[in-house]
>>> print(open('model13.txt').read())   # compact mmCIF, C-alpha atoms
# COMPACT_ATOMS: atom_id res chain seq x y z
CA MET A 1 8.72 3.39 -17.06
CA LYS A 2 12.34 4.55 -16.97
CA GLU A 3 14.25 6.83 -19.31
CA LYS A 4 16.44 3.94 -20.47
CA TYR A 5 13.32 2.32 -21.94
CA GLY A 6 12.39 5.48 -23.83
CA PHE A 7 10.00 7.05 -21.35
CA PRO A 8 10.20 10.74 -20.40
CA ARG A 9 12.15 11.66 -17.27
CA SER A 10 10.08 11.61 -14.09
CA ILE A 11 10.73 13.68 -11.01
CA THR A 12 10.44 12.42 -7.47
CA ALA A 13 7.63 13.17 -5.05
CA ALA A 14 10.15 14.86 -2.74
CA ALA A 15 11.24 17.19 -5.55
CA ILE A 16 7.62 18.08 -6.27
CA GLY A 17 6.99 18.70 -2.58
CA LYS A 18 9.99 21.01 -2.28
CA SER A 19 9.01 22.94 -5.41
CA GLY A 20 5.50 23.50 -4.11
CA SER A 21 3.92 22.75 -7.50
CA LEU A 22 3.03 19.76 -9.63
CA ASP A 23 3.94 21.87 -12.65
CA SER A 24 7.58 22.03 -11.68
CA PHE A 25 10.43 20.80 -13.88
CA GLY A 26 8.23 21.06 -16.96
CA SER A 27 5.97 18.23 -15.79
CA THR A 28 2.26 18.92 -16.12
CA PRO A 29 -0.07 17.14 -13.67
CA SER A 30 -1.96 15.38 -16.46
CA ARG A 31 1.10 13.92 -18.19
CA PRO A 32 1.62 10.75 -16.05
CA PRO A 33 -2.04 9.58 -16.07
CA ARG A 34 -2.37 10.35 -19.78
CA ARG A 35 0.74 8.26 -20.43
CA LEU A 36 -0.63 5.38 -18.35
CA ARG A 37 -3.98 5.49 -20.11
CA GLY A 38 -2.26 5.46 -23.48
CA LEU A 39 -0.42 2.28 -22.48
CA GLY A 40 -3.63 0.57 -21.39
CA ILE A 41 -2.85 0.82 -17.67
CA ASN A 42 -5.90 1.67 -15.56
CA VAL A 43 -4.50 1.32 -12.01
CA ASN A 44 -1.57 3.26 -10.56
CA PHE A 45 -0.18 2.31 -7.14
CA ALA A 46 0.19 5.97 -6.24
CA PRO A 47 0.25 8.47 -4.66
CA VAL A 48 2.47 7.67 -1.70
CA VAL A 49 0.96 9.43 1.31
CA ASP A 50 3.61 8.31 3.79
CA LEU A 51 5.15 11.16 5.76
CA ALA A 52 8.91 11.69 5.46
CA VAL A 53 9.33 11.33 9.21
CA GLU A 54 12.58 9.37 9.42
CA PRO A 55 15.37 10.99 7.33
CA ASN A 56 17.23 7.69 7.03
CA ASN A 57 14.19 5.67 6.01
CA PRO A 58 15.53 3.43 3.21
CA ALA A 59 12.20 2.52 1.60
CA ILE A 60 10.34 5.84 1.41
CA VAL A 61 12.39 8.88 2.37
CA LYS A 62 15.83 8.23 0.86
CA PRO A 63 14.36 7.24 -2.55
CA GLU A 64 12.31 10.50 -2.33
CA ARG A 65 8.94 8.76 -2.60
CA ALA A 66 7.27 10.99 0.01
CA TYR A 67 6.11 14.54 -0.77
CA SER A 68 6.89 15.92 2.65
CA ALA A 69 7.13 15.34 6.39
CA ASN A 70 4.15 17.66 6.73
CA GLU A 71 0.81 15.91 6.53
CA ASP A 72 -1.05 18.89 5.06
CA THR A 73 1.46 19.17 2.22
CA VAL A 74 1.11 15.47 1.50
CA ILE A 75 -2.68 15.78 1.46
CA ARG A 76 -2.58 18.74 -0.94
CA PHE A 77 -0.42 16.98 -3.52
CA ALA A 78 -2.19 13.63 -3.14
CA LYS A 79 -5.55 15.29 -3.91
CA GLU A 80 -4.16 16.76 -7.12
CA VAL A 81 -2.68 13.42 -8.19
CA VAL A 82 -6.00 11.64 -7.62
CA LYS A 83 -7.96 14.36 -9.47
CA GLU A 84 -5.69 14.22 -12.52
CA HIS A 85 -5.79 10.43 -12.72
CA ARG A 86 -9.57 10.43 -12.51
CA LYS A 87 -9.75 12.69 -15.57
CA PHE A 88 -8.21 9.84 -17.57
CA GLY A 89 -10.06 6.98 -15.89
CA VAL A 90 -7.01 5.70 -14.01
CA ILE A 91 -7.59 4.36 -10.50
CA THR A 92 -5.18 5.55 -7.81
CA VAL A 93 -4.09 3.60 -4.75
CA LEU A 94 -2.94 5.46 -1.62
CA LYS A 95 -0.07 3.80 0.22
CA HIS A 96 1.29 2.48 2.57
CA PHE A 97 -1.34 2.16 5.33
CA PRO A 98 -1.02 2.90 8.26
CA GLY A 99 2.24 4.72 7.51
CA HIS A 100 5.73 3.61 6.41
CA GLY A 101 7.62 6.90 6.61
CA SER A 102 8.74 6.46 10.20
CA SER A 103 10.47 3.10 9.69
CA LYS A 104 14.23 2.66 9.91
CA ASP A 105 14.19 -0.54 7.88
CA ASP A 106 13.00 -1.63 4.44
CA THR A 107 10.20 -4.22 4.29
CA HIS A 108 11.58 -5.48 0.96
CA PHE A 109 14.37 -7.12 2.97
CA GLY A 110 12.86 -7.95 6.35
CA ILE A 111 10.85 -6.77 9.33
CA ALA A 112 10.39 -3.04 9.85
CA ASP A 113 9.16 -2.24 13.37
CA VAL A 114 7.74 1.27 13.86
CA THR A 115 6.28 0.72 17.33
CA GLN A 116 8.55 3.36 18.87
CA THR A 117 8.63 5.78 15.94
CA TRP A 118 5.12 5.83 14.44
CA SER A 119 2.70 8.61 15.42
CA GLU A 120 -1.03 9.20 15.02
CA ARG A 121 -0.48 12.04 12.55
CA GLU A 122 0.57 9.46 9.93
CA LEU A 123 -3.12 8.56 9.66
CA LYS A 124 -4.19 12.12 8.84
CA PRO A 125 -3.73 11.89 5.04
CA TYR A 126 -5.97 8.82 4.97
CA ARG A 127 -8.60 10.34 7.24
CA VAL A 128 -8.81 13.61 5.30
CA LEU A 129 -8.74 12.03 1.85
CA ILE A 130 -11.34 9.41 2.81
CA ASP A 131 -13.64 12.06 4.27
CA SER A 132 -13.27 14.31 1.21
CA GLY A 133 -13.87 11.53 -1.33
CA TYR A 134 -10.36 11.36 -2.79
CA VAL A 135 -9.69 7.66 -2.27
CA ASP A 136 -10.14 5.04 -4.99
CA ALA A 137 -8.22 2.30 -3.19
CA ILE A 138 -5.61 1.83 -0.45
CA MET A 139 -2.48 -0.33 -0.23
CA THR A 140 -1.23 -1.84 3.02
CA ALA A 141 2.21 -1.59 4.62
CA HIS A 142 4.15 -4.59 5.90
CA ILE A 143 5.34 -2.61 8.93
CA VAL A 144 5.03 -3.98 12.47
CA ASN A 145 3.43 -1.68 15.03
CA ARG A 146 2.73 -3.29 18.39
CA PHE A 147 0.97 -0.13 19.50
CA LEU A 148 -1.68 -0.86 16.85
CA ASP A 149 -1.45 -4.68 16.84
CA LYS A 150 -0.42 -6.26 20.12
CA ASN A 151 0.36 -9.57 18.39
CA GLY A 152 3.01 -7.92 16.26
CA ASN A 153 1.46 -8.84 12.92
CA PRO A 154 2.51 -6.54 10.05
CA GLY A 155 -0.17 -4.18 8.79
CA THR A 156 -0.98 -6.33 5.76
CA LEU A 157 -1.81 -9.28 8.01
CA SER A 158 -3.42 -7.35 10.86
CA LYS A 159 -7.16 -7.39 11.43
CA ASP A 160 -6.67 -4.80 14.18
CA ILE A 161 -5.09 -2.38 11.71
CA LEU A 162 -7.12 -3.01 8.55
CA ASP A 163 -10.53 -3.76 10.03
CA GLY A 164 -10.23 -2.01 13.37
CA ILE A 165 -8.56 1.22 12.22
CA LEU A 166 -9.04 1.55 8.45
CA ARG A 167 -12.59 0.21 8.25
CA LYS A 168 -14.12 0.99 11.62
CA LYS A 169 -12.20 4.02 12.90
CA LEU A 170 -11.66 5.82 9.58
CA GLY A 171 -14.84 4.51 7.94
CA TYR A 172 -13.19 3.33 4.72
CA GLN A 173 -15.36 0.96 2.69
CA GLY A 174 -13.36 0.64 -0.53
CA VAL A 175 -10.86 -1.83 -1.96
CA VAL A 176 -7.71 -2.75 -0.04
CA PHE A 177 -4.63 -3.97 -1.93
CA SER A 178 -1.74 -5.67 -0.21
CA ASP A 179 1.77 -4.50 -0.84
CA ASP A 180 3.80 -7.18 -2.58
CA MET A 181 3.28 -10.43 -0.66
CA GLN A 182 6.75 -11.58 -1.73
CA MET A 183 8.62 -8.84 0.10
CA HIS A 184 10.77 -10.43 2.77
CA ALA A 185 8.87 -8.86 5.68
CA ILE A 186 6.10 -11.31 4.71
CA ALA A 187 7.69 -14.09 2.66
CA LYS A 188 10.60 -14.76 5.03
CA GLN A 189 8.53 -14.55 8.21
CA TYR A 190 5.34 -16.39 7.22
CA GLY A 191 4.66 -19.36 4.98
CA LEU A 192 2.73 -18.74 1.78
CA GLU A 193 -0.47 -20.37 3.03
CA GLU A 194 -0.36 -18.66 6.42
CA SER A 195 0.28 -15.22 4.94
CA ILE A 196 -2.60 -15.62 2.48
CA LYS A 197 -4.99 -16.71 5.22
CA LEU A 198 -3.97 -13.88 7.56
CA ALA A 199 -4.22 -11.28 4.79
CA ILE A 200 -7.75 -12.33 3.86
CA HIS A 201 -8.85 -12.46 7.51
CA ALA A 202 -7.32 -9.03 8.06
CA GLY A 203 -9.39 -7.52 5.27
CA VAL A 204 -7.19 -7.49 2.17
CA ASP A 205 -9.30 -7.66 -1.00
CA ILE A 206 -6.54 -8.02 -3.60
CA MET A 207 -3.14 -9.60 -2.91
CA CYS A 208 -0.18 -8.58 -5.06
CA PHE A 209 2.58 -11.00 -6.08
CA SER A 210 5.27 -9.36 -8.19
CA ASN A 211 7.74 -12.21 -8.79
CA ASN A 212 10.58 -9.67 -8.89
CA ILE A 213 11.96 -9.94 -5.34
CA GLN A 214 15.30 -11.74 -5.30
CA GLY A 215 15.45 -14.83 -3.13
CA THR A 216 11.71 -15.41 -3.20
CA GLU A 217 10.06 -18.38 -4.89
CA GLU A 218 7.98 -17.55 -7.94
CA ARG A 219 4.23 -17.57 -7.35
CA THR A 220 1.55 -18.09 -9.97
CA VAL A 221 -2.07 -17.00 -9.99
CA ASP A 222 -3.10 -20.66 -10.19
CA LYS A 223 -1.06 -21.53 -7.08
CA VAL A 224 -2.53 -18.70 -5.01
CA HIS A 225 -6.04 -19.42 -6.25
CA GLN A 226 -5.65 -23.10 -5.35
CA ILE A 227 -4.65 -22.21 -1.79
CA VAL A 228 -7.60 -19.85 -1.34
CA LYS A 229 -10.01 -22.41 -2.80
CA GLN A 230 -8.74 -25.09 -0.40
CA PHE A 231 -9.20 -22.74 2.56
CA VAL A 232 -12.79 -22.11 1.52
CA THR A 233 -13.71 -25.75 0.90
CA LYS A 234 -12.15 -26.83 4.20
CA GLY A 235 -13.87 -24.04 6.15
CA ARG A 236 -10.58 -22.40 7.18
CA LEU A 237 -11.66 -18.96 5.92
CA ARG A 238 -14.43 -17.11 7.69
CA ARG A 239 -16.68 -14.38 6.42
CA PRO A 240 -15.50 -10.90 7.45
CA GLY A 241 -17.20 -9.93 10.72
CA SER A 242 -18.61 -13.44 11.13
CA MET A 243 -17.71 -16.60 13.02
CA SER A 244 -19.17 -18.73 10.24
CA PRO A 245 -16.90 -20.33 7.61
CA ILE A 246 -17.38 -19.32 3.99
CA GLU A 247 -19.22 -22.14 2.31
CA GLY A 248 -17.54 -23.72 -0.68
CA SER A 249 -18.17 -26.57 -3.05
>>> encode(input="model13.txt", output="structure tokens")
Amino acid sequence: MKEKYGFPRSITAAAIGKSGSLDSFGSTPSRPPRRLRGLGINVNFAPVVDLAVEPNNPAIVKPERAYSANEDTVIRFAKEVVKEHRKFGVITVLKHFPGHGSSKDDTHFGIADVTQTWSERELKPYRVLIDSGYVDAIMTAHIVNRFLDKNGNPGTLSKDILDGILRKKLGYQGVVFSDDMQMHAIAKQYGLEESIKLAIHAGVDIMCFSNNIQGTEERTVDKVHQIVKQFVTKGRLRRPGSMSPIEGS
């Protein structure tokens, strides 16, 4: 929804955070969700609740996608974004769990390891927003954090992170979206079938395939559905929290 396509100019999350108000630059809080609703869009993969921890972060901080390095500031703006979207019936999706703002690399292009840079405070926006009822859905991060997953699986494919931390520790019971499964942190490190199986076992409810990442093979809904169906019929997928395969016909 860029200006070159006729849409109004949007300001960055960082600019909003610095201004201290969602009303800054002539942008009212209700304008984006109203625009989405008018276009028939009912899900917005926003707000970003990553903390702007690493100044040279190429995926979150440099593109000004984070409101602030301060978790309380991020929480304040995220609440307002969720509230305004709900007024227009648009579902919001907090991202990128468990925190992408401390990475020095971009998961669009390869592995981003935050083991030495990530801190517990990056979970605070999720914990507070979950506890206060301001979460419609959550999107995963493809970051590697061996402190949270000793096997080094990225967050999207990690049962320790999604089930162990998000579900059990933070008590979240809602929908989990994956970040784009075709980003190179996933697509170049895992085969399609393996990444799908790991994501489902980890606790991802909805996998996203954008088909707009250069150098990645195009994926269709039919192809992904076929793989999942084969896993089920062959007993290679197990029910969450169970050792029993999901029965299929």
>>> closest_residue(input="model13.txt", among="A:Pro125, A:Gly110, A:Gly155, A:Gly203", to="Ala185 (chain A)", atoms="all atoms listed in the file")
A:Gly110
>>> residues_around(input="model13.txt", residues="region 58-65 of chain A", least_positions_apart="3", cutoff="8 Å", atoms="all atoms listed in the file", output="list of chain:residue names")
A:Thr12, A:Ala13, A:Ala14, A:Ala15, A:Val48, A:Asp50, A:Ala52, A:Val53, A:Glu54, A:Pro55, A:His100, A:Gly101, A:Lys104, A:Asp105, A:Asp106, A:Thr107
>>> residues_near_point(input="model13.txt", point="(3.6, -2.7, 21.9)", cutoff="12 Å", atoms="all atoms listed in the file", output="mmCIF file with C-alpha atoms, keeping the file's coordinate frame")
data_model
loop_
_atom_site.group_PDB
_atom_site.id
_atom_site.type_symbol
_atom_site.label_atom_id
_atom_site.label_comp_id
_atom_site.auth_asym_id
_atom_site.auth_seq_id
_atom_site.Cartn_x
_atom_site.Cartn_y
_atom_site.Cartn_z
ATOM 1 C CA ASP A 113 9.160 -2.240 13.370
ATOM 2 C CA VAL A 114 7.740 1.270 13.860
ATOM 3 C CA THR A 115 6.280 0.720 17.330
ATOM 4 C CA GLN A 116 8.550 3.360 18.870
ATOM 5 C CA THR A 117 8.630 5.780 15.940
ATOM 6 C CA TRP A 118 5.120 5.830 14.440
ATOM 7 C CA VAL A 144 5.030 -3.980 12.470
ATOM 8 C CA ASN A 145 3.430 -1.680 15.030
ATOM 9 C CA ARG A 146 2.730 -3.290 18.390
ATOM 10 C CA PHE A 147 0.970 -0.130 19.500
ATOM 11 C CA LEU A 148 -1.680 -0.860 16.850
ATOM 12 C CA ASP A 149 -1.450 -4.680 16.840
ATOM 13 C CA LYS A 150 -0.420 -6.260 20.120
ATOM 14 C CA ASN A 151 0.360 -9.570 18.390
ATOM 15 C CA GLY A 152 3.010 -7.920 16.260
ATOM 16 C CA ASN A 153 1.460 -8.840 12.920
#
>>> atom_distance(input="model13.txt", atom1="CA of Gly133 (chain A)", atom2="CA of Gly164 (chain A)")
20.3 Å
>>> axis_aligned_box(input="model13.txt", around="region 89-102 of chain A", padding_each_side="8 Å", output="lines of an AutoDock Vina configuration file")
center_x = -0.7
center_y = 4.6
center_z = -2.8
size_x = 34.8
size_y = 20.8
size_z = 42.1
>>> closest_residue(input="model13.txt", among="A:Arg37, A:Arg127, A:Arg121, A:Lys197", to="Lys87 (chain A)", atoms="only C-alpha atoms")
A:Arg37
>>> closest_residue(input="model13.txt", among="A:Tyr5, A:Gly89, A:Asp136, A:Val74", to="Gly40 (chain A)", atoms="all atoms listed in the file")
A:Gly89
>>> closest_residue(input="model13.txt", among="A:Ser119, A:Asn211, A:Ser30, A:Asn57", to="Glu84 (chain A)", atoms="all atoms listed in the file")
A:Ser30
>>> closest_residue(input="model13.txt", among="A:Leu198, A:Val221, A:Ala66, A:Leu162", to="Gly174 (chain A)", atoms="all atoms listed in the file")
A:Leu162
>>> closest_residue(input="model13.txt", among="A:Val90, A:Ile75, A:Ile213, A:Ile138", to="Gln173 (chain A)", atoms="all atoms listed in the file")
A:Ile138
>>> atom_distance(input="model13.txt", atom1="CA of Thr233 (chain A)", atom2="CA of Val204 (chain A)")
19.4 Å
>>> residues_near_point(input="model13.txt", point="(-9.9, 13.9, -2.7)", cutoff="9 Å", atoms="only C-alpha atoms", output="list in words")
Ile75, Arg76, Ala78, Lys79, Glu80, Val82, Lys83, Val128, Leu129, Ile130, Asp131, Ser132, Gly133, Tyr134 and Val135 of chain A
>>> atom_distance(input="model13.txt", atom1="CA of Arg167 (chain A)", atom2="CA of Asp222 (chain A)")
29.4 Å
>>> residues_around(input="model13.txt", residues="Met139 (chain A)", least_positions_apart="5", cutoff="10 Å", atoms="all atoms listed in the file", output="mmCIF file with C-alpha atoms, keeping the file's coordinate frame")
data_model
loop_
_atom_site.group_PDB
_atom_site.id
_atom_site.type_symbol
_atom_site.label_atom_id
_atom_site.label_comp_id
_atom_site.auth_asym_id
_atom_site.auth_seq_id
_atom_site.Cartn_x
_atom_site.Cartn_y
_atom_site.Cartn_z
ATOM 1 C CA PHE A 45 -0.180 2.310 -7.140
ATOM 2 C CA ALA A 46 0.190 5.970 -6.240
ATOM 3 C CA VAL A 48 2.470 7.670 -1.700
ATOM 4 C CA THR A 92 -5.180 5.550 -7.810
ATOM 5 C CA VAL A 93 -4.090 3.600 -4.750
ATOM 6 C CA LEU A 94 -2.940 5.460 -1.620
ATOM 7 C CA LYS A 95 -0.070 3.800 0.220
ATOM 8 C CA HIS A 96 1.290 2.480 2.570
ATOM 9 C CA PHE A 97 -1.340 2.160 5.330
ATOM 10 C CA PRO A 98 -1.020 2.900 8.260
ATOM 11 C CA THR A 156 -0.980 -6.330 5.760
ATOM 12 C CA VAL A 175 -10.860 -1.830 -1.960
ATOM 13 C CA VAL A 176 -7.710 -2.750 -0.040
ATOM 14 C CA PHE A 177 -4.630 -3.970 -1.930
ATOM 15 C CA SER A 178 -1.740 -5.670 -0.210
ATOM 16 C CA ASP A 179 1.770 -4.500 -0.840
ATOM 17 C CA ASP A 180 3.800 -7.180 -2.580
ATOM 18 C CA VAL A 204 -7.190 -7.490 2.170
ATOM 19 C CA ILE A 206 -6.540 -8.020 -3.600
ATOM 20 C CA MET A 207 -3.140 -9.600 -2.910
ATOM 21 C CA CYS A 208 -0.180 -8.580 -5.060
#
>>> closest_atom_pairs(input="model13.txt", of="region 185-221 of chain A", to="region 226-229 of chain A", cutoff="10 Å", atoms="all atoms listed in the file", output="CSV")
residue,atom,partner,partner_atom,distance
A:Leu192,CA,A:Ile227,CA,8.9
A:Glu193,CA,A:Ile227,CA,6.6
A:Glu194,CA,A:Ile227,CA,9.9
A:Ile196,CA,A:Val228,CA,7.6
A:Lys197,CA,A:Val228,CA,7.7
A:Ile200,CA,A:Val228,CA,9.1
A:Thr220,CA,A:Gln226,CA,9.9
A:Val221,CA,A:Gln226,CA,8.5
